[in-house]
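Q: Provided below: start-v2.txt, containing compact mmCIF, C-alpha atoms and all ligand atoms.
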# COMPACT_ATOMS: atom_id res chain seq x y z
CA MET L 13 -37.93 -13.38 -24.97
CA ILE L 14 -36.63 -15.31 -27.97
CA TYR L 15 -37.11 -19.08 -28.02
CA PHE L 16 -34.53 -20.76 -30.27
CA ASP L 17 -34.68 -24.23 -28.73
CA ASN L 18 -37.20 -25.78 -31.11
CA ALA L 19 -34.82 -28.63 -32.01
CA ALA L 20 -35.23 -29.82 -28.41
CA THR L 21 -38.94 -29.04 -28.04
CA SER L 22 -41.04 -26.55 -29.99
CA TRP L 23 -42.56 -23.66 -28.11
CA PRO L 24 -44.90 -21.84 -28.12
CA LYS L 25 -47.47 -24.19 -29.61
CA PRO L 26 -49.83 -22.88 -32.30
CA PRO L 27 -53.45 -21.99 -31.52
CA GLY L 28 -55.62 -25.04 -30.93
CA VAL L 29 -53.12 -27.34 -29.20
CA ALA L 30 -53.69 -26.33 -25.57
CA GLU L 31 -57.41 -25.90 -26.33
CA ALA L 32 -57.68 -29.48 -27.65
CA MET L 33 -55.96 -30.80 -24.52
CA LEU L 34 -58.18 -28.75 -22.21
CA HIS L 35 -61.25 -29.87 -24.13
CA PHE L 36 -60.21 -33.50 -23.67
CA LEU L 37 -59.59 -33.05 -19.95
CA ASN L 38 -62.70 -31.01 -19.25
CA GLU L 39 -65.27 -32.45 -21.63
CA VAL L 40 -64.18 -35.98 -22.62
CA GLY L 41 -61.82 -37.43 -20.04
CA ALA L 42 -62.60 -41.13 -20.54
CA ASN L 43 -60.33 -44.00 -21.50
CA PRO L 44 -60.14 -44.44 -25.30
CA GLY L 45 -61.05 -47.84 -26.68
CA ARG L 46 -61.85 -49.37 -23.30
CA SER L 47 -65.55 -48.85 -22.66
CA GLY L 48 -68.67 -48.64 -24.82
CA HIS L 49 -70.09 -45.43 -23.34
CA ARG L 50 -70.13 -42.27 -25.37
CA LEU L 51 -67.26 -40.53 -23.58
CA SER L 52 -64.95 -43.48 -24.23
CA VAL L 53 -66.09 -43.61 -27.85
CA GLU L 54 -65.41 -39.87 -28.19
CA ALA L 55 -61.94 -40.32 -26.64
CA GLY L 56 -61.24 -43.10 -29.15
CA ARG L 57 -62.41 -40.84 -31.97
CA ILE L 58 -60.02 -38.06 -30.91
CA VAL L 59 -57.08 -40.50 -30.78
CA TYR L 60 -58.02 -41.88 -34.20
CA GLN L 61 -58.22 -38.34 -35.63
CA ALA L 62 -54.60 -37.78 -34.55
CA ARG L 63 -53.64 -41.05 -36.27
CA GLU L 64 -55.47 -39.96 -39.43
CA ALA L 65 -53.82 -36.54 -39.47
CA LEU L 66 -50.37 -38.15 -39.18
CA ALA L 67 -51.21 -40.68 -41.89
CA GLY L 68 -52.12 -37.76 -44.17
CA LEU L 69 -48.90 -35.95 -43.32
CA PHE L 70 -46.62 -38.95 -44.02
CA ASN L 71 -48.72 -40.43 -46.85
CA VAL L 72 -49.49 -43.63 -44.95
CA ASP L 73 -52.39 -45.51 -46.57
CA ASP L 74 -53.69 -47.13 -43.41
CA PRO L 75 -53.69 -44.98 -40.21
CA LEU L 76 -53.67 -48.22 -38.18
CA ARG L 77 -50.08 -48.77 -39.32
CA ILE L 78 -49.07 -45.93 -36.97
CA ALA L 79 -48.28 -47.19 -33.47
CA PHE L 80 -48.23 -44.42 -30.88
CA ALA L 81 -45.35 -44.25 -28.41
CA ALA L 82 -44.22 -41.89 -25.67
CA ASN L 83 -41.63 -40.20 -27.91
CA ALA L 84 -39.19 -40.89 -30.74
CA THR L 85 -36.86 -42.74 -28.38
CA GLU L 86 -39.51 -45.31 -27.53
CA ALA L 87 -40.48 -45.69 -31.19
CA LEU L 88 -36.83 -46.19 -32.19
CA ASN L 89 -36.31 -48.74 -29.42
CA LEU L 90 -39.40 -50.61 -30.63
CA ALA L 91 -38.03 -50.71 -34.18
CA LEU L 92 -34.47 -51.68 -33.21
CA ARG L 93 -35.04 -54.01 -30.29
CA GLY L 94 -38.26 -55.41 -31.72
CA TYR L 95 -36.96 -56.16 -35.21
CA LEU L 96 -33.29 -57.10 -34.92
CA ARG L 97 -32.08 -60.60 -34.16
CA PRO L 98 -28.63 -61.95 -33.22
CA GLY L 99 -26.42 -62.19 -36.30
CA ASP L 100 -28.21 -59.36 -38.14
CA HIS L 101 -26.10 -56.58 -39.58
CA VAL L 102 -27.17 -52.92 -39.31
CA VAL L 103 -25.79 -49.87 -41.11
CA ALA L 104 -26.19 -46.50 -39.37
CA SER L 105 -24.44 -43.14 -39.77
CA SER L 106 -22.06 -41.16 -37.60
CA MET L 107 -24.72 -38.43 -37.32
CA GLU L 108 -27.10 -40.55 -35.25
CA HIS L 109 -28.65 -39.29 -32.04
CA ASN L 110 -28.14 -41.44 -28.95
CA ALA L 111 -31.77 -42.56 -29.29
CA VAL L 112 -30.47 -44.72 -32.17
CA MET L 113 -26.82 -45.11 -31.21
CA ARG L 114 -27.32 -46.36 -27.65
CA PRO L 115 -29.84 -49.13 -28.46
CA LEU L 116 -27.61 -50.18 -31.38
CA ARG L 117 -24.46 -50.18 -29.26
CA ALA L 118 -26.27 -52.27 -26.64
CA LEU L 119 -27.47 -54.76 -29.27
CA ALA L 120 -23.98 -54.91 -30.77
CA GLY L 121 -22.31 -55.66 -27.43
CA SER L 122 -22.41 -59.41 -26.89
CA SER L 123 -23.86 -60.07 -23.47
CA GLY L 124 -24.15 -63.36 -21.62
CA GLY L 125 -22.56 -65.27 -24.48
CA ARG L 126 -25.48 -64.39 -26.78
CA GLN L 127 -24.57 -63.60 -30.35
CA ALA L 128 -24.88 -59.88 -30.95
CA ILE L 129 -25.86 -57.87 -33.99
CA ALA L 130 -23.08 -56.51 -36.22
CA LEU L 131 -23.03 -52.73 -36.56
CA THR L 132 -21.40 -50.52 -39.19
CA VAL L 133 -21.41 -46.80 -38.43
CA MET L 134 -20.80 -44.99 -41.71
CA PRO L 135 -18.54 -41.95 -41.30
CA CYS L 136 -20.11 -38.74 -42.57
CA SER L 137 -18.26 -35.73 -43.97
CA PRO L 138 -17.08 -32.97 -41.59
CA GLN L 139 -20.15 -31.04 -42.79
CA GLY L 140 -22.43 -33.86 -41.63
CA PHE L 141 -23.35 -35.43 -44.98
CA LEU L 142 -23.42 -39.09 -46.00
CA ASP L 143 -22.43 -40.36 -49.44
CA PRO L 144 -25.13 -42.89 -50.51
CA SER L 145 -22.69 -44.89 -52.65
CA ARG L 146 -20.53 -45.53 -49.58
CA LEU L 147 -23.67 -46.54 -47.71
CA GLU L 148 -24.51 -49.07 -50.41
CA ALA L 149 -20.97 -50.46 -50.34
CA ALA L 150 -21.41 -51.26 -46.63
CA ILE L 151 -24.42 -53.55 -47.21
CA ARG L 152 -23.75 -57.25 -46.61
CA PRO L 153 -25.90 -60.32 -47.27
CA GLU L 154 -26.89 -60.37 -43.58
CA THR L 155 -27.80 -56.65 -43.46
CA ALA L 156 -31.33 -56.50 -42.02
CA LEU L 157 -31.67 -52.77 -41.53
CA ILE L 158 -30.37 -49.35 -42.54
CA ALA L 159 -31.02 -46.92 -39.66
CA LEU L 160 -30.67 -43.27 -40.65
CA ASN L 161 -31.23 -39.93 -39.04
CA HIS L 162 -33.25 -37.84 -41.51
CA ALA L 163 -31.64 -34.62 -40.30
CA SER L 164 -28.94 -34.02 -37.75
CA ASN L 165 -30.13 -32.48 -34.52
CA VAL L 166 -26.73 -30.79 -34.25
CA CYS L 167 -26.15 -28.99 -37.56
CA GLY L 168 -29.38 -29.79 -39.44
CA SER L 169 -27.67 -31.65 -42.30
CA LEU L 170 -30.12 -33.82 -44.27
CA LEU L 171 -29.11 -37.43 -44.87
CA PRO L 172 -30.00 -39.21 -48.14
CA VAL L 173 -33.05 -41.17 -46.98
CA ARG L 174 -34.62 -41.47 -50.43
CA GLU L 175 -31.44 -42.98 -51.85
CA ALA L 176 -31.21 -45.21 -48.77
CA GLY L 177 -34.79 -46.38 -49.42
CA ALA L 178 -33.85 -47.44 -52.94
CA ILE L 179 -30.69 -49.16 -51.62
CA ALA L 180 -32.74 -51.04 -49.00
CA ARG L 181 -35.12 -52.30 -51.73
CA ARG L 182 -32.24 -53.37 -53.96
CA HIS L 183 -30.63 -55.37 -51.17
CA GLY L 184 -33.75 -56.77 -49.53
CA CYS L 185 -33.36 -55.04 -46.17
CA LEU L 186 -35.48 -52.43 -44.38
CA LEU L 187 -34.97 -48.69 -43.94
CA LEU L 188 -35.64 -47.14 -40.51
CA VAL L 189 -35.69 -43.33 -40.50
CA ASP L 190 -35.35 -41.24 -37.36
CA ALA L 191 -37.54 -38.29 -38.32
CA ALA L 192 -37.41 -36.59 -34.92
CA GLN L 193 -35.98 -33.42 -36.51
CA THR L 194 -37.94 -33.39 -39.76
CA ALA L 195 -41.51 -34.58 -39.14
CA GLY L 196 -43.59 -31.41 -39.64
CA ALA L 197 -40.67 -29.32 -40.90
CA TYR L 198 -39.57 -31.13 -44.06
CA PRO L 199 -41.63 -33.11 -46.61
CA LEU L 200 -41.82 -36.80 -45.73
CA ASP L 201 -43.59 -39.39 -47.84
CA VAL L 202 -43.13 -43.01 -46.81
CA GLU L 203 -44.15 -44.22 -50.28
CA ALA L 204 -41.95 -41.93 -52.37
CA ASP L 205 -39.05 -42.12 -49.92
CA GLN L 206 -39.46 -45.92 -49.59
CA ILE L 207 -39.30 -45.76 -45.80
CA ASP L 208 -40.24 -48.98 -44.02
CA LEU L 209 -40.11 -47.76 -40.43
CA LEU L 210 -40.50 -44.07 -39.57
CA ALA L 211 -39.99 -42.92 -35.99
CA PHE L 212 -41.38 -39.49 -35.11
CA THR L 213 -41.78 -37.39 -31.99
CA GLY L 214 -44.79 -35.21 -31.24
CA HIS L 215 -43.22 -32.37 -29.31
CA LYS L 216 -40.88 -30.87 -31.92
CA ALA L 217 -42.00 -29.69 -35.39
CA LEU L 218 -45.33 -31.54 -35.14
CA LEU L 219 -46.05 -28.93 -32.49
CA GLY L 220 -47.76 -31.25 -30.05
CA PRO L 221 -47.02 -31.82 -26.36
CA MET L 222 -44.29 -33.93 -24.80
CA GLY L 223 -45.12 -37.58 -24.20
CA THR L 224 -46.29 -38.19 -27.77
CA GLY L 225 -44.64 -39.86 -30.74
CA GLY L 226 -44.85 -43.06 -32.71
CA LEU L 227 -43.66 -45.50 -35.32
CA VAL L 228 -45.02 -45.87 -38.84
CA ILE L 229 -44.83 -49.57 -39.75
CA GLY L 230 -44.67 -50.02 -43.52
CA GLU L 231 -46.19 -52.79 -45.59
CA ARG L 232 -42.81 -54.50 -46.11
CA VAL L 233 -42.27 -54.97 -42.38
CA ASP L 234 -42.93 -58.51 -41.16
CA VAL L 235 -45.21 -57.71 -38.23
CA GLU L 236 -44.79 -61.23 -36.87
CA ARG L 237 -41.07 -60.57 -36.53
CA LEU L 238 -41.45 -57.08 -35.00
CA GLU L 239 -41.81 -57.84 -31.29
CA PRO L 240 -43.55 -55.29 -29.02
CA LEU L 241 -41.54 -53.58 -26.29
CA LYS L 242 -44.33 -54.24 -23.80
CA ARG L 243 -47.45 -56.37 -23.59
CA GLY L 244 -50.68 -55.80 -21.71
CA GLY L 245 -54.23 -54.51 -21.94
CA THR L 246 -55.30 -53.05 -25.26
CA GLY L 247 -59.07 -52.83 -24.82
CA SER L 248 -59.38 -55.28 -27.72
CA ARG L 249 -59.82 -59.09 -27.59
CA SER L 250 -59.97 -59.04 -23.79
CA GLU L 251 -60.77 -62.75 -23.86
CA TRP L 252 -57.23 -63.49 -25.12
CA GLN L 253 -54.41 -64.05 -22.68
CA GLU L 254 -51.92 -63.48 -25.47
CA GLN L 255 -51.09 -60.12 -27.00
CA PRO L 256 -53.22 -59.23 -30.07
CA ASP L 257 -51.28 -59.74 -33.29
CA PHE L 258 -52.98 -56.92 -35.22
CA LEU L 259 -52.01 -53.28 -35.67
CA PRO L 260 -51.73 -51.02 -33.83
CA ASP L 261 -52.81 -52.96 -30.71
CA LYS L 262 -49.81 -55.29 -30.83
CA TYR L 263 -47.62 -52.28 -29.98
CA GLU L 264 -49.99 -50.12 -27.89
CA SER L 265 -50.51 -51.74 -24.50
CA GLY L 266 -51.74 -49.74 -21.53
CA THR L 267 -53.84 -46.58 -21.43
CA ALA L 268 -52.86 -44.15 -24.15
CA ASN L 269 -51.71 -40.57 -23.52
CA ALA L 270 -55.04 -39.42 -24.94
CA VAL L 271 -54.70 -35.86 -23.60
CA GLY L 272 -51.35 -35.58 -25.33
CA LEU L 273 -52.66 -37.15 -28.53
CA ALA L 274 -55.56 -34.67 -28.57
CA GLY L 275 -52.92 -31.92 -28.55
CA LEU L 276 -50.75 -33.71 -31.11
CA GLY L 277 -53.73 -34.06 -33.44
CA ALA L 278 -54.30 -30.31 -33.22
CA GLY L 279 -50.60 -29.61 -33.83
CA VAL L 280 -50.50 -31.84 -36.91
CA ARG L 281 -53.72 -30.29 -38.26
CA TRP L 282 -52.10 -26.84 -37.90
CA VAL L 283 -49.06 -28.11 -39.84
CA LEU L 284 -51.35 -29.54 -42.55
CA ASP L 285 -53.31 -26.27 -42.73
CA GLN L 286 -50.14 -24.23 -43.20
CA SER L 287 -48.64 -27.01 -45.39
CA VAL L 288 -45.16 -28.42 -44.89
CA PRO L 289 -43.69 -26.71 -48.01
CA VAL L 290 -44.81 -23.30 -46.67
CA ILE L 291 -43.34 -24.02 -43.22
CA ARG L 292 -40.15 -25.28 -44.87
CA ARG L 293 -39.85 -22.13 -47.03
CA HIS L 294 -40.24 -19.92 -43.95
CA GLU L 295 -37.65 -21.90 -42.00
CA VAL L 296 -35.20 -21.90 -44.94
CA GLU L 297 -35.48 -18.09 -45.13
CA LEU L 298 -34.81 -17.76 -41.41
CA ALA L 299 -31.93 -20.25 -41.49
CA GLN L 300 -30.34 -18.48 -44.47
CA ARG L 301 -30.58 -15.13 -42.66
CA LEU L 302 -29.05 -16.65 -39.55
CA ILE L 303 -26.21 -18.43 -41.37
CA ASP L 304 -25.38 -15.37 -43.51
CA GLY L 305 -25.29 -13.22 -40.38
CA LEU L 306 -23.24 -15.66 -38.30
CA VAL L 307 -20.56 -16.30 -40.95
CA SER L 308 -20.02 -12.56 -41.30
CA ILE L 309 -19.20 -12.14 -37.59
CA PRO L 310 -15.42 -12.37 -36.97
CA GLY L 311 -14.56 -15.14 -34.50
CA VAL L 312 -17.72 -17.16 -35.16
CA THR L 313 -17.46 -20.68 -36.64
CA VAL L 314 -20.66 -22.17 -38.05
CA TYR L 315 -20.88 -25.96 -38.48
CA GLY L 316 -22.48 -28.00 -41.25
CA GLY L 317 -22.80 -27.44 -44.98
CA LEU L 318 -23.97 -23.78 -44.75
CA ASP L 319 -26.44 -24.67 -47.51
CA THR L 320 -30.07 -24.26 -46.52
CA ALA L 321 -31.23 -26.51 -49.37
CA ARG L 322 -29.48 -29.38 -47.60
CA GLN L 323 -30.34 -28.71 -43.99
CA THR L 324 -33.10 -27.93 -41.53
CA ALA L 325 -33.35 -24.66 -39.60
CA THR L 326 -31.03 -25.94 -36.88
CA VAL L 327 -27.72 -24.10 -36.84
CA SER L 328 -24.77 -24.70 -34.51
CA PHE L 329 -21.80 -22.42 -33.96
CA ASN L 330 -19.06 -21.42 -31.55
CA ILE L 331 -17.50 -18.10 -30.64
CA ALA L 332 -13.68 -18.05 -30.43
CA GLY L 333 -12.48 -17.67 -26.86
CA LEU L 334 -15.82 -18.56 -25.26
CA LEU L 335 -17.13 -21.87 -23.98
CA PRO L 336 -20.49 -22.91 -25.44
CA SER L 337 -21.90 -23.17 -21.90
CA ASP L 338 -20.89 -19.57 -21.13
CA VAL L 339 -22.41 -18.36 -24.40
CA GLY L 340 -25.68 -20.14 -23.60
CA LEU L 341 -25.80 -18.69 -20.10
CA ARG L 342 -25.13 -15.15 -21.32
CA LEU L 343 -27.66 -15.45 -24.14
CA ASP L 344 -30.25 -16.41 -21.55
CA GLU L 345 -29.33 -13.95 -18.80
CA GLU L 346 -28.25 -10.90 -20.81
CA TYR L 347 -30.27 -11.23 -24.02
CA ASP L 348 -33.33 -13.34 -23.13
CA ILE L 349 -32.47 -15.88 -25.81
CA MET L 350 -33.15 -19.57 -25.07
CA CYS L 351 -30.98 -22.11 -26.92
CA ARG L 352 -29.18 -25.36 -26.23
CA VAL L 353 -25.45 -25.83 -25.78
CA GLY L 354 -23.16 -28.84 -25.38
CA LEU L 355 -23.29 -32.20 -27.13
CA HIS L 356 -27.03 -32.44 -27.85
CA CYS L 357 -27.21 -36.22 -27.06
CA ALA L 358 -25.20 -36.84 -30.22
CA PRO L 359 -21.49 -37.32 -29.35
CA ALA L 360 -20.73 -39.16 -32.63
CA ALA L 361 -22.19 -36.25 -34.62
CA HIS L 362 -19.99 -33.79 -32.71
CA GLU L 363 -16.96 -36.01 -33.36
CA THR L 364 -17.86 -35.92 -37.07
CA LEU L 365 -18.13 -32.13 -37.06
CA GLY L 366 -14.92 -31.71 -35.01
CA THR L 367 -16.71 -30.19 -32.03
CA PHE L 368 -16.20 -33.02 -29.53
CA PRO L 369 -15.90 -32.78 -26.53
CA GLN L 370 -16.60 -29.08 -26.06
CA GLY L 371 -19.79 -29.10 -28.15
CA ALA L 372 -21.42 -26.06 -29.68
CA VAL L 373 -24.17 -23.47 -29.29
CA ARG L 374 -27.32 -24.53 -31.13
CA PHE L 375 -30.07 -22.26 -32.43
CA GLY L 376 -33.09 -24.41 -33.32
CA LEU L 377 -35.46 -22.22 -35.31
CA GLY L 378 -39.11 -23.14 -35.69
CA ALA L 379 -42.24 -22.35 -37.68
CA LEU L 380 -43.25 -19.57 -35.29
CA ASN L 381 -39.93 -17.70 -35.20
CA THR L 382 -39.47 -14.44 -37.10
CA ALA L 383 -36.77 -12.63 -39.07
CA GLY L 384 -36.75 -9.91 -36.41
CA GLU L 385 -35.82 -12.48 -33.77
CA VAL L 386 -32.97 -13.75 -35.96
CA ASP L 387 -31.67 -10.18 -36.30
CA MET L 388 -31.79 -9.60 -32.55
CA ALA L 389 -29.95 -12.88 -31.93
CA LEU L 390 -27.29 -11.93 -34.49
CA GLU L 391 -26.77 -8.62 -32.71
CA ALA L 392 -26.31 -10.48 -29.41
CA VAL L 393 -23.79 -12.93 -30.91
CA ASP L 394 -21.94 -10.05 -32.59
CA LYS L 395 -21.60 -8.20 -29.26
CA MET L 396 -20.38 -11.32 -27.48
CA ALA L 397 -17.87 -12.15 -30.25
CA ARG L 398 -16.52 -8.57 -30.18
CA SER L 399 -16.08 -8.55 -26.41
CA ALA L 400 -14.41 -11.97 -26.54
CA SER L 401 -11.99 -10.86 -29.26
CA SER L 402 -11.06 -7.71 -27.34
CA ILE L 403 -10.21 -9.90 -24.31
CA ILE L 404 -8.13 -12.31 -26.48
CA SER L 405 -6.19 -9.45 -28.09
C1 LIG J 501 -32.48 -36.81 -34.15
C2 LIG J 501 -33.21 -37.14 -32.89
N1 LIG J 501 -33.56 -38.41 -32.67
C3 LIG J 501 -34.24 -38.77 -31.57
C4 LIG J 501 -34.57 -37.84 -30.60
C5 LIG J 501 -35.32 -38.27 -29.41
O1 LIG J 501 -36.58 -37.66 -29.34
P1 LIG J 501 -37.45 -37.78 -28.01
O2 LIG J 501 -36.70 -37.04 -26.95
O3 LIG J 501 -38.74 -37.18 -28.35
O4 LIG J 501 -37.53 -39.23 -27.69
C6 LIG J 501 -34.21 -36.50 -30.78
C7 LIG J 501 -34.50 -35.50 -29.74
O5 LIG J 501 -33.80 -34.55 -29.54
C8 LIG J 501 -33.52 -36.15 -31.95
O6 LIG J 501 -33.15 -34.89 -32.19
Could you rewrite the structure in this file as structure tokens?
Ligand SMILES: Cc1ncc(COP(=O)(O)O)c(C=O)c1O
A:
Amino acid sequence: MIYFDNAATSWPKPPGVAEAMLHFLNEVGANPGRSGHRLSVEAGRIVYQAREALAGLFNVDDPLRIAFAANATEALNLALRGYLRPGDHVVASSMEHNAVMRPLRALAGSSGGRQAIALTVMPCSPQGFLDPSRLEAAIRPETALIALNHASNVCGSLLPVREAGAIARRHGCLLLVDAAQTAGAYPLDVEADQIDLLAFTGHKALLGPMGTGGLVIGERVDVERLEPLKRGGTGSRSEWQEQPDFLPDKYESGTANAVGLAGLGAGVRWVLDQSVPVIRRHEVELAQRLIDGLVSIPGVTVYGGLDTARQTATVSFNIAGLLPSDVGLRLDEEYDIMCRVGLHCAPAAHETLGTFPQGAVRFGLGALNTAGEVDMALEAVDKMARSASSIIS
């Protein structure tokens, strides 16, 4: 079986991830940060190790500036709903995932007579790229935030986050980056890239389990202004009836997904051991092989810039005469290839690429895929494209 759905969730996980989760369940088990006994202390240590590994990966000075969340969606909602106020202006791109677009659209819709935020969605090119000078031209005095997808989950195109970081500094606003598709697969450095808020998910290229993710909260973020999504028990300052105002407890109420974070810690340590540049090189090689093969098959249209230096290893395409849903079904049933078809929770991105509303077939390659798998998938697509063209003619 070939698993090419890593852009949705990575699988299989590298050695150590399931073991770390089993170890937690079988040997540790207690609630982190709640009690003083040694099992609780050990649980807290395991959670902190995951925080430390992520801080190393993203070059965050203080691991306590990483607030864990259930996934990237929750982290993005915390950043957007927690930071923005009525009258603020936000600039986003037309390549955003609905995890950014839907909260922004809700904040921009005036409800109950309340003043809403103003939203500018910057159009990207039909290849999925954003011109930073056009982004800068959209900034207004009341712009509070630039919210950018680091890489499209549809065609993999990389957006100019480093340039956006410099623009945000020049204009006194913050930069929020949705790194769901890049964390673990592409170098990310919150200092060098000047990222103020970085939302990540644990179950994609960080190779951890579902139910893990978080938000890096940079030094320039006014933590007093960033409201938590939920309030409750934190295990700290139990004598207070008000929410703690310190990091990360302000944003981490309720019992943590410690089993998941044990697995995420192991996934991130595997990424650090391999090193992101090595993983990136491997994925670029695979993506290049896949793109070269796909563009040479008559009847196949590949979306995006077709330039592996400017994209992740996520590649979307269509076969003339076939619906993406039929291609996905046949790849699964006839060729044992798992991928994702349709609109990928990113309708605006598909509109940008010209693939709305039918969508596309997406191959999301990951660190554990091989060149042999790419070749087998190309053979399958070639056969399907040939049979479709013989039916059309
Ligand atoms: C670009 C992007 N942003 C956000 C998300 C949401 O991630 P999660 O499902 O982990 O919340 C995804 C997931 O597919 C994504 O690709």
Q: Residues at most 8 Å from stretch 87-97 of chain L, counting only C-alpha atoms, excluding those fewer than 3 positions away in the same chain, as a ChimeraX atom specification?
A: /L:80-84,100,111-112,115-116,119,128-129,156,188,190,209,211-212,225-227,237-241
Q: So, counting all atoms listed in the file, which residue among L:Gly371, L:Gly177, L:Pro24, L:Gly214 is closest to ligand LIG 501 (chain J)?
A: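 Selected residue with least distance to ligand LIG 501 (chain J): L:Gly214.
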Q: Show me which residues line ligand LIG 501 (chain J), defined as having an atom within 9 Å of a ligand atom where all atoms listed in the file count, and present them as a VMD selection string.
A: chain L and resid 19 to 21 82 to 88 107 to 112 161 to 166 190 to 194 211 to 216 222 to 225 356 to 358
Q: Go ahead and save the picked residues with C-alpha atoms, as a short mmCIF file (atom, residue, chain, number, x, y, z; two decimals), keeping the file's coordinate frame.
A:
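Generated file (result26.cif):
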data_model
loop_
_atom_site.label_atom_id
_atom_site.label_comp_id
_atom_site.auth_asym_id
_atom_site.auth_seq_id
_atom_site.Cartn_x
_atom_site.Cartn_y
_atom_site.Cartn_z
CA ALA L 19 -34.82 -28.63 -32.01
CA ALA L 20 -35.23 -29.82 -28.41
CA THR L 21 -38.94 -29.04 -28.04
CA ALA L 82 -44.22 -41.89 -25.67
CA ASN L 83 -41.63 -40.20 -27.91
CA ALA L 84 -39.19 -40.89 -30.74
CA THR L 85 -36.86 -42.74 -28.38
CA GLU L 86 -39.51 -45.31 -27.53
CA ALA L 87 -40.48 -45.69 -31.19
CA LEU L 88 -36.83 -46.19 -32.19
CA MET L 107 -24.72 -38.43 -37.32
CA GLU L 108 -27.10 -40.55 -35.25
CA HIS L 109 -28.65 -39.29 -32.04
CA ASN L 110 -28.14 -41.44 -28.95
CA ALA L 111 -31.77 -42.56 -29.29
CA VAL L 112 -30.47 -44.72 -32.17
CA ASN L 161 -31.23 -39.93 -39.04
CA HIS L 162 -33.25 -37.84 -41.51
CA ALA L 163 -31.64 -34.62 -40.30
CA SER L 164 -28.94 -34.02 -37.75
CA ASN L 165 -30.13 -32.48 -34.52
CA VAL L 166 -26.73 -30.79 -34.25
CA ASP L 190 -35.35 -41.24 -37.36
CA ALA L 191 -37.54 -38.29 -38.32
CA ALA L 192 -37.41 -36.59 -34.92
CA GLN L 193 -35.98 -33.42 -36.51
CA THR L 194 -37.94 -33.39 -39.76
CA ALA L 211 -39.99 -42.92 -35.99
CA PHE L 212 -41.38 -39.49 -35.11
CA THR L 213 -41.78 -37.39 -31.99
CA GLY L 214 -44.79 -35.21 -31.24
CA HIS L 215 -43.22 -32.37 -29.31
CA LYS L 216 -40.88 -30.87 -31.92
CA MET L 222 -44.29 -33.93 -24.80
CA GLY L 223 -45.12 -37.58 -24.20
CA THR L 224 -46.29 -38.19 -27.77
CA GLY L 225 -44.64 -39.86 -30.74
CA HIS L 356 -27.03 -32.44 -27.85
CA CYS L 357 -27.21 -36.22 -27.06
CA ALA L 358 -25.20 -36.84 -30.22
#
Q: So, with all atoms listed in the file as the atoms that count, which of L:Leu380, L:Glu385, L:Ile78, L:Val72 lies closest to L:Glu264?
A: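 Among the listed residues, L:Ile78 lies closest to L:Glu264.
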Q: Please report, as JSON, the centre and edge lengths in Å to one decimal of an axis-aligned box covering all listed atoms of stretch 187-193 of chain L with 8 Å per side.
A:
{"center_x": -36.3, "center_y": -41.1, "center_z": -39.4, "size_x": 18.6, "size_y": 31.3, "size_z": 25.0}
Q: Give me the residues within 12 Å of L:Arg146 as a compact mmCIF listing (two decimals) with C-alpha atoms, keeping the file's coordinate frame, counting all atoms listed in the file and dropping any in the same chain fewer than 2 places off.
A:
# COMPACT_ATOMS: atom_id res chain seq x y z
CA VAL L 103 -25.79 -49.87 -41.11
CA ALA L 104 -26.19 -46.50 -39.37
CA SER L 105 -24.44 -43.14 -39.77
CA THR L 132 -21.40 -50.52 -39.19
CA VAL L 133 -21.41 -46.80 -38.43
CA MET L 134 -20.80 -44.99 -41.71
CA PRO L 135 -18.54 -41.95 -41.30
CA CYS L 136 -20.11 -38.74 -42.57
CA SER L 137 -18.26 -35.73 -43.97
CA PHE L 141 -23.35 -35.43 -44.98
CA LEU L 142 -23.42 -39.09 -46.00
CA ASP L 143 -22.43 -40.36 -49.44
CA PRO L 144 -25.13 -42.89 -50.51
CA GLU L 148 -24.51 -49.07 -50.41
CA ALA L 149 -20.97 -50.46 -50.34
CA ALA L 150 -21.41 -51.26 -46.63
CA ILE L 151 -24.42 -53.55 -47.21
CA PRO L 172 -30.00 -39.21 -48.14
CA GLU L 175 -31.44 -42.98 -51.85
CA ALA L 176 -31.21 -45.21 -48.77
CA ILE L 179 -30.69 -49.16 -51.62
Q: Would you mind reading off the distance between atom CA of L:Val327 and atom CA of L:Gly220, one decimal, in Å?
A: 22.3 Å
Q: For atom CA of L:Gly279 and atom CA of L:Leu219, quote the distance in Å rounded to one decimal.
A: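 Atom CA of L:Gly279 sits 4.8 Å away from atom CA of L:Leu219.
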Q: Go ahead and compute the interatomic distance for atom CA of L:Arg117 and atom CA of L:Pro359, in Å to one decimal.
A: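 Taking atom CA of L:Arg117 as the start and atom CA of L:Pro359 as the end point, the length is 13.2 Å.
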Q: Nearest residue to L:Leu343 out of L:Val312, L:Asp387, L:Arg292, L:Tyr15, using all atoms listed in the file?
A: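 Result for the nearest residue to L:Leu343: L:Tyr15.
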Q: Go through L:Ser401, L:Thr155, L:Ser106, L:Ser287 one by one, measure the shortest atom-to-atom distance of each to L:Gly196 using all atoms listed in the file, and give the residue with the smallest value.
A: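 Among the listed residues, L:Ser287 lies closest to L:Gly196.
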Q: Nearest to L:Asp304 among L:Val386, L:Val280, L:Ala195, L:Val29, with distances taken over only C-alpha atoms: which residue is it?
A: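 Checking each candidate against L:Asp304, we get L:Val386 as the closest.
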